[in-house]
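Scroll down for the structure; my scribbles are underneath it.
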Amino acid sequence: METFDAIVLGAGGAGLMAAAVAGQRGRHVVVLDHADAAGKKILISGGGRCNFTNLHTAPDRYLSANPHFAKSALGRYTAHDFVAMVERHGIAWHEKTLGQLFCDRSAREIVAMLLGECELGGVAIRLGQSLGGEIGHADGRFTVRHGDRGYTAPALLIATGGPSIPKMGATGIAYDIARRFGLKVVEPRPALVPLTLSGEETLFRALSGVATPVVARAGKTAFAEAALFTHRGLSGPAILQASSYWRHGEPLAIDFRPGAAPGWLAAAKRARPRATLAQALDLPGRLAEALAERVGVGELGTATDRALAEAERQLSDWHFHPNGTEGYAKAEVTVGGIATAALSSRTMEARDVPGLYAIGEAVDVTGWLGGYNFQWAWASGWAAGQAV
């Protein structure tokens, strides 16, 4: 049985961050993961360039049963703190859009940086270790066994993520471990995920590959980015963002002409009476034709202003009725997870189980698309690493 100060389950972003911080504070730390390489999700993120943080990070850009939970960690370890580490390692980066920061070269540089920080802290990293076996807790110490190997420490950090992207080996093991120790779990579901259409709306699948700027709204939350029609339904940044807020049975509203002034179709009719609605829409051709056909307006000059006003209303508040999502296989992250009510927002430690911590995607804190989830991984990992 090997003895440590802390055992970290999961060699992803949050786990490596926590281990590095704790190790550099003089703690003897081991990271265990079932995978054959560390940081696999980091490597595929951002098209291989890793959208590693967002300059506009703020607590209101995260979903949680407790919307205030993330404030402490995000406030104490910011996007600028992580950028400082990136620059210290000589990693070139750029801002793409909306505060999203990417590596100029490769996501491998972020993994190498985190492993380098772990090495500075003397962290032991053991890969190919099954995490679903024996985990014990007695006399203030946790034990983890894998075959004939065993590890023991007074602190155990759950950093195994959520079940999104199972092809990378992702599972819901974090929830199983949490439940063993009496922690509650907020029902997990796929997030930042394409939505699927059925019934009459399958006609829109003929538009597969067509993308256009929209405002997508689920409930009271709206996002102004691009939407993409797919062979199964809807995707693109605006849809992925809205999917985190969408629930089964609810409509998804799309504004196909965001920013258009009221009466714009009547004005177009006066200026170009022979133009068709499809021509006036200023949208990709196939999409414009499909929308005009469903609205039932042809040549503008033959339509009444009242009919055009109704067409405007439909186009600015078009309701789709998704029948589901493409599931964890295509979900970038998971909404839900280990309930924050059981955790300290400052340290990530379980209130009723001293020495047990939960960080990263395993916790019921889910960020928007665009680097927010990585920043939560860094911030929550840093908070736990400072506490163990």
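Ligands are numbered from 1 in the order shown, residues from 1 within each chain, and chains are lettered A, B, ... in the order they appear in the structure tokens.
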
Selection: 8 Å around stretch 116-131 of chain A, only C-alpha atoms, excl. self and same-chain fewer than 6 positions, as JSON, numbers by chain: {"A": [9, 11, 16, 17, 19, 20, 21, 22, 23, 24, 25, 26, 27, 28, 29, 30, 31, 32, 33, 34, 35, 36, 37, 38, 144, 146, 173]}

Can you write out the residues you just picked, keeping N, CA, C and O atoms, as an mmCIF file, in the first residue's frame?
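Result went into part_7.cif, see below:
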data_model
loop_
_atom_site.group_PDB
_atom_site.id
_atom_site.type_symbol
_atom_site.label_atom_id
_atom_site.label_comp_id
_atom_site.auth_asym_id
_atom_site.auth_seq_id
_atom_site.Cartn_x
_atom_site.Cartn_y
_atom_site.Cartn_z
ATOM 1 N N LEU A 9 -8.432 11.204 -8.467
ATOM 2 C CA LEU A 9 -9.016 10.273 -9.427
ATOM 3 C C LEU A 9 -9.344 11.043 -10.702
ATOM 4 O O LEU A 9 -10.268 11.840 -10.737
ATOM 5 N N ALA A 11 -7.096 12.091 -14.619
ATOM 6 C CA ALA A 11 -5.976 12.873 -15.135
ATOM 7 C C ALA A 11 -6.423 13.793 -16.255
ATOM 8 O O ALA A 11 -5.770 13.913 -17.294
ATOM 9 N N LEU A 16 -5.382 17.272 -13.031
ATOM 10 C CA LEU A 16 -3.982 17.655 -13.177
ATOM 11 C C LEU A 16 -3.709 19.005 -12.523
ATOM 12 O O LEU A 16 -2.656 19.200 -11.900
ATOM 13 N N MET A 17 -4.666 19.928 -12.647
ATOM 14 C CA MET A 17 -4.493 21.243 -12.030
ATOM 15 C C MET A 17 -4.417 21.107 -10.506
ATOM 16 O O MET A 17 -3.528 21.668 -9.862
ATOM 17 N N ALA A 19 -3.664 18.493 -8.715
ATOM 18 C CA ALA A 19 -2.457 17.770 -8.323
ATOM 19 C C ALA A 19 -1.230 18.664 -8.377
ATOM 20 O O ALA A 19 -0.386 18.644 -7.461
ATOM 21 N N ALA A 20 -1.115 19.460 -9.439
ATOM 22 C CA ALA A 20 0.036 20.353 -9.579
ATOM 23 C C ALA A 20 0.086 21.375 -8.453
ATOM 24 O O ALA A 20 1.146 21.620 -7.855
ATOM 25 N N VAL A 21 -1.068 21.977 -8.156
ATOM 26 C CA VAL A 21 -1.123 23.000 -7.106
ATOM 27 C C VAL A 21 -0.780 22.384 -5.751
ATOM 28 O O VAL A 21 0.026 22.929 -4.984
ATOM 29 N N ALA A 22 -1.379 21.243 -5.444
ATOM 30 C CA ALA A 22 -1.117 20.592 -4.161
ATOM 31 C C ALA A 22 0.335 20.128 -4.070
ATOM 32 O O ALA A 22 0.991 20.293 -3.032
ATOM 33 N N GLY A 23 0.840 19.559 -5.163
ATOM 34 C CA GLY A 23 2.218 19.080 -5.171
ATOM 35 C C GLY A 23 3.211 20.198 -4.934
ATOM 36 O O GLY A 23 4.189 20.043 -4.181
ATOM 37 N N GLN A 24 2.965 21.337 -5.569
ATOM 38 C CA GLN A 24 3.877 22.470 -5.403
ATOM 39 C C GLN A 24 3.744 23.127 -4.036
ATOM 40 O O GLN A 24 4.573 23.959 -3.661
ATOM 41 N N ARG A 25 2.713 22.735 -3.288
ATOM 42 C CA ARG A 25 2.584 23.186 -1.901
ATOM 43 C C ARG A 25 3.234 22.188 -0.935
ATOM 44 O O ARG A 25 3.090 22.308 0.280
ATOM 45 N N GLY A 26 3.912 21.216 -1.509
ATOM 46 C CA GLY A 26 4.613 20.259 -0.674
ATOM 47 C C GLY A 26 3.846 18.997 -0.353
ATOM 48 O O GLY A 26 4.303 18.163 0.434
ATOM 49 N N ARG A 27 2.676 18.825 -0.941
ATOM 50 C CA ARG A 27 1.890 17.625 -0.694
ATOM 51 C C ARG A 27 2.384 16.485 -1.593
ATOM 52 O O ARG A 27 2.773 16.709 -2.738
ATOM 53 N N HIS A 28 2.329 15.282 -1.050
ATOM 54 C CA HIS A 28 2.707 14.083 -1.798
ATOM 55 C C HIS A 28 1.444 13.555 -2.480
ATOM 56 O O HIS A 28 0.527 13.062 -1.810
ATOM 57 N N VAL A 29 1.371 13.693 -3.813
ATOM 58 C CA VAL A 29 0.124 13.463 -4.549
ATOM 59 C C VAL A 29 0.304 12.381 -5.608
ATOM 60 O O VAL A 29 1.327 12.310 -6.282
ATOM 61 N N VAL A 30 -0.729 11.548 -5.764
ATOM 62 C CA VAL A 30 -0.772 10.601 -6.872
ATOM 63 C C VAL A 30 -2.051 10.840 -7.667
ATOM 64 O O VAL A 30 -3.115 11.098 -7.104
ATOM 65 N N VAL A 31 -1.932 10.800 -8.991
ATOM 66 C CA VAL A 31 -3.084 10.909 -9.902
ATOM 67 C C VAL A 31 -3.311 9.546 -10.527
ATOM 68 O O VAL A 31 -2.382 8.962 -11.103
ATOM 69 N N LEU A 32 -4.536 9.037 -10.434
ATOM 70 C CA LEU A 32 -4.887 7.740 -11.013
ATOM 71 C C LEU A 32 -5.889 7.933 -12.144
ATOM 72 O O LEU A 32 -6.827 8.717 -12.018
ATOM 73 N N ASP A 33 -5.698 7.233 -13.249
ATOM 74 C CA ASP A 33 -6.647 7.310 -14.362
ATOM 75 C C ASP A 33 -6.656 5.987 -15.100
ATOM 76 O O ASP A 33 -5.621 5.325 -15.218
ATOM 77 N N HIS A 34 -7.843 5.618 -15.614
ATOM 78 C CA HIS A 34 -7.960 4.353 -16.343
ATOM 79 C C HIS A 34 -7.398 4.456 -17.758
ATOM 80 O O HIS A 34 -7.107 3.446 -18.395
ATOM 81 N N ALA A 35 -7.254 5.683 -18.274
ATOM 82 C CA ALA A 35 -6.797 5.883 -19.657
ATOM 83 C C ALA A 35 -5.302 5.594 -19.785
ATOM 84 O O ALA A 35 -4.572 5.486 -18.799
ATOM 85 N N ASP A 36 -4.865 5.490 -21.052
ATOM 86 C CA ASP A 36 -3.446 5.228 -21.292
ATOM 87 C C ASP A 36 -2.652 6.513 -21.501
ATOM 88 O O ASP A 36 -1.444 6.487 -21.714
ATOM 89 N N ALA A 37 -3.354 7.662 -21.455
ATOM 90 C CA ALA A 37 -2.688 8.955 -21.608
ATOM 91 C C ALA A 37 -3.463 9.999 -20.822
ATOM 92 O O ALA A 37 -4.687 9.889 -20.657
ATOM 93 N N ALA A 38 -2.779 11.009 -20.342
ATOM 94 C CA ALA A 38 -3.421 12.076 -19.575
ATOM 95 C C ALA A 38 -4.031 13.116 -20.514
ATOM 96 O O ALA A 38 -3.555 13.322 -21.637
ATOM 97 N N VAL A 144 -7.596 3.273 -2.224
ATOM 98 C CA VAL A 144 -8.002 2.900 -3.579
ATOM 99 C C VAL A 144 -7.150 1.711 -3.987
ATOM 100 O O VAL A 144 -5.910 1.754 -3.904
ATOM 101 N N HIS A 146 -6.207 -1.256 -6.965
ATOM 102 C CA HIS A 146 -6.271 -1.698 -8.365
ATOM 103 C C HIS A 146 -5.414 -2.940 -8.475
ATOM 104 O O HIS A 146 -4.182 -2.869 -8.431
ATOM 105 N N ILE A 173 -18.714 7.460 -13.536
ATOM 106 C CA ILE A 173 -18.171 6.880 -12.314
ATOM 107 C C ILE A 173 -18.102 7.896 -11.174
ATOM 108 O O ILE A 173 -18.208 7.531 -10.003
#

Would you mind listing what lies within 8 Å of A:Gly39 as a list in words, with only C-alpha atoms counted and same-chain residues fewer than 5 positions away left out? Ala11, Gly12, Gly13 and Val111 of chain A

Now that the selection is made, can you save its residues with N, CA and C atoms as a CSV table (one decimal), in the first residue's frame?
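Generated file (again30.csv):
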chain,number,residue,atom,x,y,z
A,11,ALA,N,-7.1,12.1,-14.6
A,11,ALA,CA,-6.0,12.9,-15.1
A,11,ALA,C,-6.4,13.8,-16.3
A,12,GLY,N,-7.6,14.5,-16.0
A,12,GLY,CA,-8.1,15.5,-17.0
A,12,GLY,C,-7.6,16.8,-16.5
A,13,GLY,N,-8.2,17.9,-17.0
A,13,GLY,CA,-7.8,19.2,-16.7
A,13,GLY,C,-7.9,19.6,-15.2
A,111,VAL,N,-1.5,20.1,-22.4
A,111,VAL,CA,-1.3,18.9,-21.6
A,111,VAL,C,0.1,18.8,-21.1

DSSP on the backbone, strand (DSSP E or B) only: what residues of stretch 153-386 of chain A does that give? Format it as a ChimeraX atom specification. /A:153,156-158,185-191,195-196,211-218,221-229,233-235,252-255,276,299,318-320,324-325,333-338,343,349-350,356-358,363,366-367

What parts of stretch 29-139 of chain A does DSSP call alpha helix (DSSP H)? I'd like the answer as a VMD selection string. chain A and resid 40 to 44 71 to 76 79 to 88 108 to 120

For those residues, write N, CA and C atoms to a file as a CSV table (one decimal), in the first residue's frame.
chain,number,residue,atom,x,y,z
A,40,LYS,N,-6.9,13.5,-22.3
A,40,LYS,CA,-7.4,13.1,-23.6
A,40,LYS,C,-8.5,14.1,-24.1
A,41,LYS,N,-9.4,14.6,-23.2
A,41,LYS,CA,-10.4,15.5,-23.7
A,41,LYS,C,-9.8,16.8,-24.1
A,42,ILE,N,-8.7,17.2,-23.4
A,42,ILE,CA,-8.0,18.4,-23.7
A,42,ILE,C,-7.5,18.3,-25.2
A,43,LEU,N,-6.9,17.2,-25.5
A,43,LEU,CA,-6.3,17.0,-26.8
A,43,LEU,C,-7.2,17.2,-28.0
A,44,ILE,N,-8.5,16.8,-27.8
A,44,ILE,CA,-9.5,16.9,-28.9
A,44,ILE,C,-10.2,18.2,-28.9
A,71,LYS,N,-18.9,31.2,-7.8
A,71,LYS,CA,-18.3,32.5,-7.6
A,71,LYS,C,-17.0,32.5,-6.9
A,72,SER,N,-16.9,31.8,-5.8
A,72,SER,CA,-15.6,31.8,-5.1
A,72,SER,C,-14.4,31.3,-5.9
A,73,ALA,N,-14.5,30.1,-6.4
A,73,ALA,CA,-13.4,29.6,-7.2
A,73,ALA,C,-13.1,30.4,-8.4
A,74,LEU,N,-14.1,30.8,-9.1
A,74,LEU,CA,-13.8,31.6,-10.3
A,74,LEU,C,-13.2,33.0,-10.0
A,75,GLY,N,-13.6,33.5,-8.9
A,75,GLY,CA,-13.1,34.8,-8.5
A,75,GLY,C,-11.6,34.7,-7.9
A,76,ARG,N,-11.2,33.6,-7.4
A,76,ARG,CA,-9.9,33.4,-6.8
A,76,ARG,C,-8.9,32.9,-7.8
A,79,ALA,N,-9.3,33.7,-15.5
A,79,ALA,CA,-8.8,33.4,-16.8
A,79,ALA,C,-7.4,34.0,-17.0
A,80,HIS,N,-7.2,35.2,-16.4
A,80,HIS,CA,-5.9,35.9,-16.5
A,80,HIS,C,-4.8,35.1,-15.8
A,81,ASP,N,-5.2,34.5,-14.7
A,81,ASP,CA,-4.2,33.6,-14.0
A,81,ASP,C,-3.8,32.5,-14.8
A,82,PHE,N,-4.7,31.8,-15.5
A,82,PHE,CA,-4.3,30.7,-16.4
A,82,PHE,C,-3.5,31.2,-17.6
A,83,VAL,N,-3.9,32.3,-18.1
A,83,VAL,CA,-3.1,32.8,-19.3
A,83,VAL,C,-1.7,33.1,-18.8
A,84,ALA,N,-1.5,33.6,-17.6
A,84,ALA,CA,-0.1,33.8,-17.1
A,84,ALA,C,0.7,32.5,-17.1
A,85,MET,N,0.0,31.4,-16.7
A,85,MET,CA,0.7,30.1,-16.7
A,85,MET,C,1.1,29.7,-18.1
A,86,VAL,N,0.1,29.9,-19.0
A,86,VAL,CA,0.3,29.6,-20.4
A,86,VAL,C,1.5,30.3,-21.0
A,87,GLU,N,1.6,31.6,-20.7
A,87,GLU,CA,2.7,32.5,-21.2
A,87,GLU,C,4.0,32.1,-20.6
A,88,ARG,N,3.9,31.7,-19.3
A,88,ARG,CA,5.2,31.3,-18.6
A,88,ARG,C,5.8,30.1,-19.3
A,108,ARG,N,-1.8,19.9,-27.4
A,108,ARG,CA,-0.8,19.1,-26.7
A,108,ARG,C,0.1,19.9,-25.8
A,109,GLU,N,0.2,21.2,-26.2
A,109,GLU,CA,1.0,22.1,-25.3
A,109,GLU,C,0.4,22.3,-24.0
A,110,ILE,N,-0.9,22.4,-23.9
A,110,ILE,CA,-1.6,22.6,-22.6
A,110,ILE,C,-1.4,21.3,-21.8
A,111,VAL,N,-1.5,20.1,-22.4
A,111,VAL,CA,-1.3,18.9,-21.6
A,111,VAL,C,0.1,18.8,-21.1
A,112,ALA,N,1.1,19.2,-22.0
A,112,ALA,CA,2.5,19.2,-21.6
A,112,ALA,C,2.7,20.2,-20.5
A,113,MET,N,2.1,21.3,-20.5
A,113,MET,CA,2.2,22.3,-19.5
A,113,MET,C,1.7,21.8,-18.1
A,114,LEU,N,0.6,21.2,-18.1
A,114,LEU,CA,0.0,20.7,-16.9
A,114,LEU,C,0.8,19.5,-16.3
A,115,LEU,N,1.3,18.7,-17.2
A,115,LEU,CA,2.2,17.6,-16.8
A,115,LEU,C,3.5,18.1,-16.2
A,116,GLY,N,4.0,19.2,-16.9
A,116,GLY,CA,5.2,19.9,-16.4
A,116,GLY,C,5.0,20.5,-15.0
A,117,GLU,N,3.9,21.1,-14.8
A,117,GLU,CA,3.5,21.6,-13.5
A,117,GLU,C,3.4,20.5,-12.4
A,118,CYS,N,2.9,19.4,-12.8
A,118,CYS,CA,2.8,18.2,-11.9
A,118,CYS,C,4.2,17.7,-11.5
A,119,GLU,N,5.1,17.7,-12.6
A,119,GLU,CA,6.4,17.2,-12.3
A,119,GLU,C,7.2,18.2,-11.3
A,120,LEU,N,6.9,19.5,-11.5
A,120,LEU,CA,7.5,20.4,-10.5
A,120,LEU,C,7.1,20.1,-9.1

Find the spatial neighbours of A:Leu192, counting only C-alpha atoms, within a cut-off of 9 Å - ignore same-chain residues fewer than 3 positions away - and output them as JSON, numbers by chain. {"A": [237, 239, 240, 241, 242, 243, 244, 330, 331, 332, 333, 334, 335, 368, 369]}

Quick one: write out the picked residues with N, CA, C and O atoms as a PDB file, in the first residue's frame?
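Saved to out16.pdb:
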ATOM      1  N   PRO A 237     -22.981  26.805 -32.992  1.00  0.00           N
ATOM      2  CA  PRO A 237     -22.754  27.401 -31.671  1.00  0.00           C
ATOM      3  C   PRO A 237     -24.016  27.870 -30.955  1.00  0.00           C
ATOM      4  O   PRO A 237     -24.177  27.624 -29.759  1.00  0.00           O
ATOM      5  N   ILE A 239     -27.079  26.824 -31.237  1.00  0.00           N
ATOM      6  CA  ILE A 239     -27.901  25.677 -30.829  1.00  0.00           C
ATOM      7  C   ILE A 239     -27.240  24.942 -29.663  1.00  0.00           C
ATOM      8  O   ILE A 239     -27.904  24.537 -28.695  1.00  0.00           O
ATOM      9  N   LEU A 240     -25.913  24.732 -29.758  1.00  0.00           N
ATOM     10  CA  LEU A 240     -25.206  24.055 -28.674  1.00  0.00           C
ATOM     11  C   LEU A 240     -25.385  24.822 -27.367  1.00  0.00           C
ATOM     12  O   LEU A 240     -25.638  24.228 -26.310  1.00  0.00           O
ATOM     13  N   GLN A 241     -25.254  26.145 -27.437  1.00  0.00           N
ATOM     14  CA  GLN A 241     -25.435  26.964 -26.231  1.00  0.00           C
ATOM     15  C   GLN A 241     -26.847  26.791 -25.670  1.00  0.00           C
ATOM     16  O   GLN A 241     -27.035  26.550 -24.472  1.00  0.00           O
ATOM     17  N   ALA A 242     -27.831  26.919 -26.534  1.00  0.00           N
ATOM     18  CA  ALA A 242     -29.226  26.832 -26.086  1.00  0.00           C
ATOM     19  C   ALA A 242     -29.565  25.440 -25.564  1.00  0.00           C
ATOM     20  O   ALA A 242     -30.421  25.291 -24.680  1.00  0.00           O
ATOM     21  N   SER A 243     -28.878  24.414 -26.081  1.00  0.00           N
ATOM     22  CA  SER A 243     -29.200  23.035 -25.685  1.00  0.00           C
ATOM     23  C   SER A 243     -29.011  22.800 -24.195  1.00  0.00           C
ATOM     24  O   SER A 243     -29.688  21.949 -23.597  1.00  0.00           O
ATOM     25  N   SER A 244     -28.093  23.531 -23.574  1.00  0.00           N
ATOM     26  CA  SER A 244     -27.857  23.353 -22.141  1.00  0.00           C
ATOM     27  C   SER A 244     -29.065  23.788 -21.321  1.00  0.00           C
ATOM     28  O   SER A 244     -29.255  23.327 -20.187  1.00  0.00           O
ATOM     29  N   LYS A 330     -22.203  13.024 -28.575  1.00  0.00           N
ATOM     30  CA  LYS A 330     -21.890  14.282 -29.250  1.00  0.00           C
ATOM     31  C   LYS A 330     -21.881  15.479 -28.287  1.00  0.00           C
ATOM     32  O   LYS A 330     -21.607  16.600 -28.708  1.00  0.00           O
ATOM     33  N   ALA A 331     -22.191  15.236 -27.022  1.00  0.00           N
ATOM     34  CA  ALA A 331     -22.231  16.318 -26.040  1.00  0.00           C
ATOM     35  C   ALA A 331     -20.815  16.710 -25.619  1.00  0.00           C
ATOM     36  O   ALA A 331     -19.980  15.844 -25.351  1.00  0.00           O
ATOM     37  N   GLU A 332     -20.551  18.002 -25.560  1.00  0.00           N
ATOM     38  CA  GLU A 332     -19.225  18.443 -25.142  1.00  0.00           C
ATOM     39  C   GLU A 332     -19.059  18.349 -23.632  1.00  0.00           C
ATOM     40  O   GLU A 332     -17.954  18.130 -23.129  1.00  0.00           O
ATOM     41  N   VAL A 333     -20.145  18.551 -22.899  1.00  0.00           N
ATOM     42  CA  VAL A 333     -20.092  18.490 -21.436  1.00  0.00           C
ATOM     43  C   VAL A 333     -21.397  17.906 -20.911  1.00  0.00           C
ATOM     44  O   VAL A 333     -22.271  17.509 -21.683  1.00  0.00           O
ATOM     45  N   THR A 334     -21.519  17.898 -19.582  1.00  0.00           N
ATOM     46  CA  THR A 334     -22.701  17.353 -18.922  1.00  0.00           C
ATOM     47  C   THR A 334     -23.297  18.389 -17.985  1.00  0.00           C
ATOM     48  O   THR A 334     -22.571  19.001 -17.198  1.00  0.00           O
ATOM     49  N   VAL A 335     -24.598  18.615 -18.082  1.00  0.00           N
ATOM     50  CA  VAL A 335     -25.307  19.428 -17.096  1.00  0.00           C
ATOM     51  C   VAL A 335     -25.677  18.512 -15.934  1.00  0.00           C
ATOM     52  O   VAL A 335     -26.055  17.363 -16.134  1.00  0.00           O
ATOM     53  N   TRP A 368     -20.890  27.808 -20.362  1.00  0.00           N
ATOM     54  CA  TRP A 368     -21.249  28.026 -21.756  1.00  0.00           C
ATOM     55  C   TRP A 368     -20.160  27.438 -22.659  1.00  0.00           C
ATOM     56  O   TRP A 368     -19.060  27.091 -22.215  1.00  0.00           O
ATOM     57  N   LEU A 369     -20.479  27.390 -23.940  1.00  0.00           N
ATOM     58  CA  LEU A 369     -19.508  27.022 -24.964  1.00  0.00           C
ATOM     59  C   LEU A 369     -18.450  28.131 -25.067  1.00  0.00           C
ATOM     60  O   LEU A 369     -18.765  29.302 -24.928  1.00  0.00           O
TER      61      LEU A 369
END

Stretch 180-182 of chain A environment, 10 Å, only C-alpha atoms, sequence neighbours closer than 5 positions dropped, as JSON, numbers by chain: {"A": [135, 136, 137, 175, 342, 350, 352, 353, 356]}

Would you write out those residues with all heavy atoms, as a tab-separated table (two decimals), in the first residue's frame?
chain	number	residue	atom	x	y	z
A	135	ILE	N	-12.81	1.26	-3.28
A	135	ILE	CA	-12.50	2.55	-2.68
A	135	ILE	C	-13.02	2.50	-1.26
A	135	ILE	O	-14.22	2.32	-1.04
A	135	ILE	CB	-13.14	3.72	-3.44
A	135	ILE	CG1	-12.61	3.78	-4.87
A	135	ILE	CG2	-12.89	5.05	-2.72
A	135	ILE	CD1	-13.24	4.87	-5.73
A	136	GLY	N	-12.13	2.61	-0.31
A	136	GLY	CA	-12.53	2.51	1.08
A	136	GLY	C	-12.26	3.79	1.85
A	136	GLY	O	-11.56	4.68	1.39
A	137	HIS	N	-12.86	3.88	3.03
A	137	HIS	CA	-12.69	5.05	3.89
A	137	HIS	C	-12.84	4.61	5.34
A	137	HIS	O	-13.90	4.12	5.73
A	137	HIS	CB	-13.72	6.11	3.55
A	137	HIS	CG	-13.58	7.37	4.35
A	137	HIS	ND1	-14.66	8.03	4.90
A	137	HIS	CD2	-12.48	8.08	4.70
A	137	HIS	CE1	-14.23	9.11	5.54
A	137	HIS	NE2	-12.91	9.16	5.44
A	175	TYR	N	-20.27	9.95	-10.24
A	175	TYR	CA	-21.54	9.94	-9.51
A	175	TYR	C	-21.65	8.69	-8.62
A	175	TYR	O	-22.16	8.77	-7.51
A	175	TYR	CB	-22.72	9.98	-10.49
A	175	TYR	CG	-22.57	11.01	-11.58
A	175	TYR	CD1	-23.01	10.75	-12.88
A	175	TYR	CD2	-21.96	12.26	-11.34
A	175	TYR	CE1	-22.88	11.69	-13.90
A	175	TYR	CE2	-21.81	13.19	-12.35
A	175	TYR	CZ	-22.27	12.90	-13.63
A	175	TYR	OH	-22.12	13.82	-14.63
A	342	ALA	N	-23.64	19.84	-1.07
A	342	ALA	CA	-22.83	19.03	-0.17
A	342	ALA	C	-21.39	19.51	-0.10
A	342	ALA	O	-20.58	18.96	0.67
A	342	ALA	CB	-22.86	17.57	-0.62
A	350	ALA	N	-16.28	18.00	0.59
A	350	ALA	CA	-17.59	17.57	1.05
A	350	ALA	C	-17.76	17.95	2.52
A	350	ALA	O	-16.89	17.65	3.35
A	350	ALA	CB	-17.75	16.07	0.87
A	352	ASP	N	-19.74	16.83	4.84
A	352	ASP	CA	-19.95	15.75	5.80
A	352	ASP	C	-18.94	14.61	5.68
A	352	ASP	O	-19.03	13.62	6.41
A	352	ASP	CB	-21.37	15.18	5.64
A	352	ASP	CG	-22.44	16.23	5.96
A	352	ASP	OD1	-22.18	17.12	6.80
A	352	ASP	OD2	-23.54	16.14	5.37
A	353	VAL	N	-18.00	14.76	4.74
A	353	VAL	CA	-16.97	13.71	4.57
A	353	VAL	C	-15.61	14.41	4.48
A	353	VAL	O	-15.12	14.68	3.38
A	353	VAL	CB	-17.22	12.85	3.32
A	353	VAL	CG1	-16.27	11.64	3.30
A	353	VAL	CG2	-18.65	12.40	3.22
A	356	LEU	N	-12.77	14.49	1.42
A	356	LEU	CA	-13.32	14.13	0.11
A	356	LEU	C	-13.64	15.41	-0.66
A	356	LEU	O	-14.34	16.29	-0.15
A	356	LEU	CB	-14.59	13.30	0.27
A	356	LEU	CG	-15.27	12.84	-1.04
A	356	LEU	CD1	-14.38	11.87	-1.81
A	356	LEU	CD2	-16.63	12.21	-0.75

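Rounded to one decimal, atom CA of A:Ile158 and atom CA of A:Tyr245 lie 25.6 Å from each other.
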
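Proximity ranking of A:Ala311, A:Ala253, A:Val214, A:Leu234 relative to A:Ala280 places A:Ala311 first, based on only C-alpha atoms.
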